[in-house]
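The structure appears right after this line, and notes come after that.
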Amino acid sequence: MNVLAIDTSNDVLGLAVVKDGVVSGELMTNVKKNHSVRLMPAIDQLMHDTQTKPEELDRVAVAHGPGSYTGVRIGLTTAKTMAWSLGIPVVGISSLEAAASQGKLFSGVICPFFDARRGLVYTGLYDNKMNVLKEEANVLMTNWLGSLKDMDEPVLFLSQDLKLHEEVITEYLGDQAVFPDAAYHYPRPSYLALAAIEIKPAPLHELVPNYLRLPEAEAKWLAQQEKQ
C-alpha cells in the first residue's frame, strides 16, 4: 500500500510517502511560513523525489487536529481534495496521537500537548501502544498536571510548545516529568502514514476538523445569538 501523509496542523509542515511499509521519503520544516503557500509545492517535490505518481497512491493520511485552526483546515482540505480527485480513501488521525507516536519506546505514559493560550492546552494521554488513557481535551494545564500527579508514574511530555509550559510542569511533577531531546517534540509524518495503513477509512464527507473547541470568532457569534 502506498500512502501520502500530510500534517499542517501546527507550525511544523510534515509530509511523508510510505510504499509497502517502507518510508520512501519524508519532509519536515519548522518555520513560521504560510502552509497554504508551501504545501502543494512541497507535495509535488516529495512525490517527484520518491518517483511516486499520484495514481499510484492507495490512500492519503492527514492530521486533522487539534492545533492551529487555519493549519488544520489547510491540511484537511488538501487531503480530501486529493483523495476525491484520485478516487482513493483519506484517513484522519489525531494530531496529538501523531505527536505521541514519537514516544513509542518510552516505558511510562506519554503526554503530547499543544499550547491553546491563556494557560490552556490541547492534550491527551497515551501508553506506548497508542492506547488512549485520558481522552483528548482543551484544559487548563495546571488542572491537567494535577490529574497526572495522582497517577504516580513517569510522564513523557512531547510538544513543540514545551518551553512555554516546562516550568509549570516541573513545578507540579518534579522528577515524574520526563523531557526528551528537541528532535522528539516534532511529529514525524511517516508515523502518520504507517498508522493510516491499519485504520479503516471513513466516508470522505464524514472527515471533519477536530478542533476540540470552537474557533473564537464562532464562539463570540454564538454568544451574541444567545443574548438576542
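Following the order of the C-alpha cells, chains are lettered A, B, ..., residues in each are numbered from 1, and ligands are numbered from 1.
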Quiz item: Which neighbours of Ala116 of chain A fall inside 9 Å, counting only C-alpha atoms, when residues of the same chain fewer than 2 positions from it are skipped, and could you give them as number ranges by chain?
Solution: A: 67-68, 114, 118-122, 138-139
Quiz item: Residues at most 12 Å from Met28 of chain A, counting only C-alpha atoms, excluding those fewer than 4 positions away in the same chain, as a PyMOL selection string?
Solution: chain A and resi 5-8+10-16+35+38-39+42-43+46+183+186-190
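Of note, atom CA of Met130 of chain A and atom CA of Ile110 of chain A are spaced 8.8 Å apart.
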Exercise. Find the spatial neighbours of Pro209 of chain A, counting only C-alpha atoms, within a cut-off of 10 Å - ignore same-chain residues fewer than 4 positions away - and output them as a list in words.
Key: Ser9, Ala63, His64, Gly65, Pro66, Gly67, Tyr69, Val72, Arg73, Gly75, Leu76, Thr77, Gly92 and Ser94 of chain A
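With only C-alpha atoms as the atoms that count, the residue of A:Leu4, A:Ala99, A:Val23, A:Val168 with the shortest distance to Lys80 of chain A is A:Leu4.
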Name the residues of chain A that fall into alpha helix (DSSP H) according to DSSP on the backbone, using the chain letters and numbers of this document, as a PDB file with C-alpha atoms, in the first residue's frame.
ATOM      1  CA  HIS A  35       1.338  26.359   4.887  1.00  0.00           C
ATOM      2  CA  SER A  36      -1.197  27.294   2.203  1.00  0.00           C
ATOM      3  CA  VAL A  37       1.602  28.634   0.006  1.00  0.00           C
ATOM      4  CA  ARG A  38       4.164  25.928   0.698  1.00  0.00           C
ATOM      5  CA  LEU A  39       2.118  22.732   0.939  1.00  0.00           C
ATOM      6  CA  MET A  40       1.383  21.856  -2.703  1.00  0.00           C
ATOM      7  CA  PRO A  41       4.917  22.651  -3.985  1.00  0.00           C
ATOM      8  CA  ALA A  42       6.293  20.504  -1.143  1.00  0.00           C
ATOM      9  CA  ILE A  43       3.974  17.600  -2.048  1.00  0.00           C
ATOM     10  CA  ASP A  44       4.987  17.897  -5.683  1.00  0.00           C
ATOM     11  CA  GLN A  45       8.683  17.847  -4.748  1.00  0.00           C
ATOM     12  CA  LEU A  46       8.350  14.848  -2.432  1.00  0.00           C
ATOM     13  CA  MET A  47       6.328  12.875  -4.969  1.00  0.00           C
ATOM     14  CA  HIS A  48       8.967  13.666  -7.601  1.00  0.00           C
ATOM     15  CA  ASP A  49      11.870  12.728  -5.317  1.00  0.00           C
ATOM     16  CA  TYR A  69      -7.496  26.272  13.085  1.00  0.00           C
ATOM     17  CA  THR A  70      -6.078  27.524   9.795  1.00  0.00           C
ATOM     18  CA  GLY A  71      -3.409  24.826   9.632  1.00  0.00           C
ATOM     19  CA  VAL A  72      -5.919  22.056  10.291  1.00  0.00           C
ATOM     20  CA  ARG A  73      -8.222  23.342   7.550  1.00  0.00           C
ATOM     21  CA  ILE A  74      -5.381  23.613   5.020  1.00  0.00           C
ATOM     22  CA  GLY A  75      -4.201  20.047   5.569  1.00  0.00           C
ATOM     23  CA  LEU A  76      -7.678  18.546   5.689  1.00  0.00           C
ATOM     24  CA  THR A  77      -8.922  20.377   2.597  1.00  0.00           C
ATOM     25  CA  THR A  78      -5.843  19.386   0.603  1.00  0.00           C
ATOM     26  CA  ALA A  79      -6.019  15.746   1.685  1.00  0.00           C
ATOM     27  CA  LYS A  80      -9.744  15.420   0.954  1.00  0.00           C
ATOM     28  CA  THR A  81      -9.424  17.138  -2.409  1.00  0.00           C
ATOM     29  CA  MET A  82      -6.562  14.876  -3.461  1.00  0.00           C
ATOM     30  CA  ALA A  83      -8.358  11.756  -2.266  1.00  0.00           C
ATOM     31  CA  TRP A  84     -11.600  12.735  -4.029  1.00  0.00           C
ATOM     32  CA  SER A  85      -9.848  13.547  -7.312  1.00  0.00           C
ATOM     33  CA  LEU A  86      -7.874  10.292  -7.227  1.00  0.00           C
ATOM     34  CA  SER A  95      -2.563  15.482  15.712  1.00  0.00           C
ATOM     35  CA  LEU A  96      -1.993  14.628  19.370  1.00  0.00           C
ATOM     36  CA  GLU A  97      -1.691  10.926  18.565  1.00  0.00           C
ATOM     37  CA  ALA A  98       0.798  11.789  15.808  1.00  0.00           C
ATOM     38  CA  ALA A  99       2.903  13.675  18.345  1.00  0.00           C
ATOM     39  CA  ALA A 100       2.579  10.885  20.924  1.00  0.00           C
ATOM     40  CA  MET A 141      -2.530  22.946  32.078  1.00  0.00           C
ATOM     41  CA  THR A 142      -2.463  23.230  35.879  1.00  0.00           C
ATOM     42  CA  ASN A 143      -5.651  21.156  36.209  1.00  0.00           C
ATOM     43  CA  TRP A 144      -4.278  18.567  33.795  1.00  0.00           C
ATOM     44  CA  LEU A 145      -0.981  18.312  35.674  1.00  0.00           C
ATOM     45  CA  GLY A 146      -2.836  17.752  38.937  1.00  0.00           C
ATOM     46  CA  SER A 147      -4.566  14.729  37.439  1.00  0.00           C
ATOM     47  CA  LEU A 148      -1.257  13.348  36.123  1.00  0.00           C
ATOM     48  CA  LYS A 149       0.429  13.712  39.511  1.00  0.00           C
ATOM     49  CA  LEU A 162       7.311  22.750  25.616  1.00  0.00           C
ATOM     50  CA  LYS A 163       9.266  25.889  26.531  1.00  0.00           C
ATOM     51  CA  LEU A 164       6.005  27.726  27.263  1.00  0.00           C
ATOM     52  CA  HIS A 165       4.963  25.192  29.914  1.00  0.00           C
ATOM     53  CA  GLU A 166       8.151  23.452  31.058  1.00  0.00           C
ATOM     54  CA  GLU A 167       8.458  25.498  34.255  1.00  0.00           C
ATOM     55  CA  VAL A 168       4.936  24.782  35.494  1.00  0.00           C
ATOM     56  CA  ILE A 169       5.246  21.094  34.524  1.00  0.00           C
ATOM     57  CA  THR A 170       8.391  20.788  36.622  1.00  0.00           C
ATOM     58  CA  GLU A 171       6.753  22.685  39.481  1.00  0.00           C
ATOM     59  CA  TYR A 172       3.832  20.253  39.616  1.00  0.00           C
ATOM     60  CA  LEU A 173       5.507  16.944  38.754  1.00  0.00           C
ATOM     61  CA  PRO A 189       4.701  12.333   9.248  1.00  0.00           C
ATOM     62  CA  SER A 190       5.966   8.826   8.473  1.00  0.00           C
ATOM     63  CA  TYR A 191       4.302   7.653  11.719  1.00  0.00           C
ATOM     64  CA  LEU A 192       1.099   9.221  10.429  1.00  0.00           C
ATOM     65  CA  ALA A 193       1.367   7.285   7.166  1.00  0.00           C
ATOM     66  CA  LEU A 194       2.151   3.979   8.869  1.00  0.00           C
ATOM     67  CA  ALA A 195      -0.728   4.389  11.317  1.00  0.00           C
ATOM     68  CA  ALA A 196      -3.124   5.089   8.443  1.00  0.00           C
ATOM     69  CA  ILE A 197      -2.404   1.685   6.910  1.00  0.00           C
ATOM     70  CA  GLU A 216     -13.027  32.236  18.897  1.00  0.00           C
ATOM     71  CA  ALA A 217     -14.984  34.119  16.223  1.00  0.00           C
ATOM     72  CA  GLU A 218     -17.640  31.391  16.075  1.00  0.00           C
ATOM     73  CA  ALA A 219     -17.890  31.219  19.872  1.00  0.00           C
ATOM     74  CA  LYS A 220     -18.437  35.001  20.069  1.00  0.00           C
ATOM     75  CA  TRP A 221     -21.080  34.845  17.331  1.00  0.00           C
ATOM     76  CA  LEU A 222     -22.983  32.094  19.155  1.00  0.00           C
ATOM     77  CA  ALA A 223     -22.793  34.066  22.402  1.00  0.00           C
ATOM     78  CA  GLN A 224     -24.266  37.092  20.668  1.00  0.00           C
ATOM     79  CA  GLN A 225     -27.077  34.978  19.216  1.00  0.00           C
ATOM     80  CA  GLU A 226     -27.957  33.684  22.669  1.00  0.00           C
ATOM     81  CA  LYS A 227     -28.194  37.242  24.016  1.00  0.00           C
TER      82      LYS A 227
END
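Note that atom CA of Val90 of chain A and atom CA of Lys200 of chain A are 9.6 Å apart.
In terms of minimum interatomic distance to Val31 of chain A, A:Gln160 ranks closest within A:Ala137, A:Glu198, A:Gly174, A:Gln160, counting only C-alpha atoms.
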Quiz item: Within 8 Å of Cys111 of chain A, counting only C-alpha atoms, which residues qualify if same-chain residues fewer than 3 places away don't, as a VMD selection string?
Solution: chain A and resid 100 123 to 126 155 to 158
Those selected residues, please, written with N, CA and C atoms and delivered as a short mmCIF file (atom, residue, chain, number, x, y, z; two decimals), in the first residue's frame.
data_model
loop_
_atom_site.label_atom_id
_atom_site.label_comp_id
_atom_site.auth_asym_id
_atom_site.auth_seq_id
_atom_site.Cartn_x
_atom_site.Cartn_y
_atom_site.Cartn_z
N ALA A 100 2.31 11.92 19.92
CA ALA A 100 2.58 10.88 20.92
C ALA A 100 3.38 9.73 20.34
N THR A 123 -4.56 18.49 24.82
CA THR A 123 -3.72 17.40 25.29
C THR A 123 -4.51 16.10 25.41
N GLY A 124 -3.79 15.03 25.65
CA GLY A 124 -4.36 13.71 25.88
C GLY A 124 -3.28 12.85 26.52
N LEU A 125 -3.60 11.63 26.85
CA LEU A 125 -2.62 10.75 27.49
C LEU A 125 -2.68 9.37 26.83
N TYR A 126 -1.50 8.82 26.52
CA TYR A 126 -1.39 7.55 25.79
C TYR A 126 -0.38 6.64 26.47
N VAL A 155 5.96 10.54 33.30
CA VAL A 155 5.19 11.07 32.18
C VAL A 155 6.15 11.71 31.19
N LEU A 156 6.10 11.24 29.95
CA LEU A 156 6.91 11.80 28.88
C LEU A 156 6.12 12.92 28.21
N PHE A 157 6.64 14.15 28.24
CA PHE A 157 5.97 15.29 27.64
C PHE A 157 6.56 15.56 26.26
N LEU A 158 5.68 15.65 25.27
CA LEU A 158 6.09 15.88 23.89
C LEU A 158 5.31 17.06 23.34
#
Do you know which residues are at most 6 Å from Leu57 of chain A counting only C-alpha atoms, after dropping those on the same chain fewer than 2 positions away, and could you put them as a PDB file with N, CA and C atoms, in the first residue's frame?
ATOM      1  N   ASN A   2       0.519   2.215  -0.827  1.00  0.00           N
ATOM      2  CA  ASN A   2       1.254   3.472  -0.920  1.00  0.00           C
ATOM      3  C   ASN A   2       0.429   4.588  -0.277  1.00  0.00           C
ATOM      4  N   VAL A   3       1.053   5.310   0.638  1.00  0.00           N
ATOM      5  CA  VAL A   3       0.342   6.322   1.418  1.00  0.00           C
ATOM      6  C   VAL A   3       1.100   7.640   1.382  1.00  0.00           C
ATOM      7  N   PRO A  54       0.790  10.302  -8.683  1.00  0.00           N
ATOM      8  CA  PRO A  54      -0.455  10.409  -7.907  1.00  0.00           C
ATOM      9  C   PRO A  54      -1.348   9.178  -8.031  1.00  0.00           C
ATOM     10  N   GLU A  55      -1.439   8.622  -9.239  1.00  0.00           N
ATOM     11  CA  GLU A  55      -2.323   7.464  -9.447  1.00  0.00           C
ATOM     12  C   GLU A  55      -1.789   6.190  -8.773  1.00  0.00           C
ATOM     13  N   ARG A  59      -3.994   5.621  -0.557  1.00  0.00           N
ATOM     14  CA  ARG A  59      -4.754   6.433   0.379  1.00  0.00           C
ATOM     15  C   ARG A  59      -3.927   7.638   0.822  1.00  0.00           C
TER      16      ARG A  59
END
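Picture a line from atom CA of Lys19 of chain A to atom CA of Pro203 of chain A; it runs 23.0 Å.
Residues in contact with Glu153 of chain A at 8 Å, where only C-alpha atoms are counted and same-chain residues fewer than 6 positions away are skipped, are listed as Gly108, Val109 and Gln176 of chain A.
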Written file, previous selection with N, CA and C atoms, as an mmCIF file, in the first residue's frame:
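out.cif written:
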data_model
loop_
_atom_site.group_PDB
_atom_site.id
_atom_site.type_symbol
_atom_site.label_atom_id
_atom_site.label_comp_id
_atom_site.auth_asym_id
_atom_site.auth_seq_id
_atom_site.Cartn_x
_atom_site.Cartn_y
_atom_site.Cartn_z
ATOM 1 N N GLY A 108 6.817 4.614 30.312
ATOM 2 C CA GLY A 108 5.748 5.189 31.120
ATOM 3 C C GLY A 108 4.583 5.637 30.262
ATOM 4 N N VAL A 109 3.923 6.714 30.678
ATOM 5 C CA VAL A 109 2.807 7.253 29.905
ATOM 6 C C VAL A 109 3.296 8.458 29.095
ATOM 7 N N GLN A 176 8.932 13.332 38.183
ATOM 8 C CA GLN A 176 7.951 12.494 37.486
ATOM 9 C C GLN A 176 7.858 12.879 36.007
#
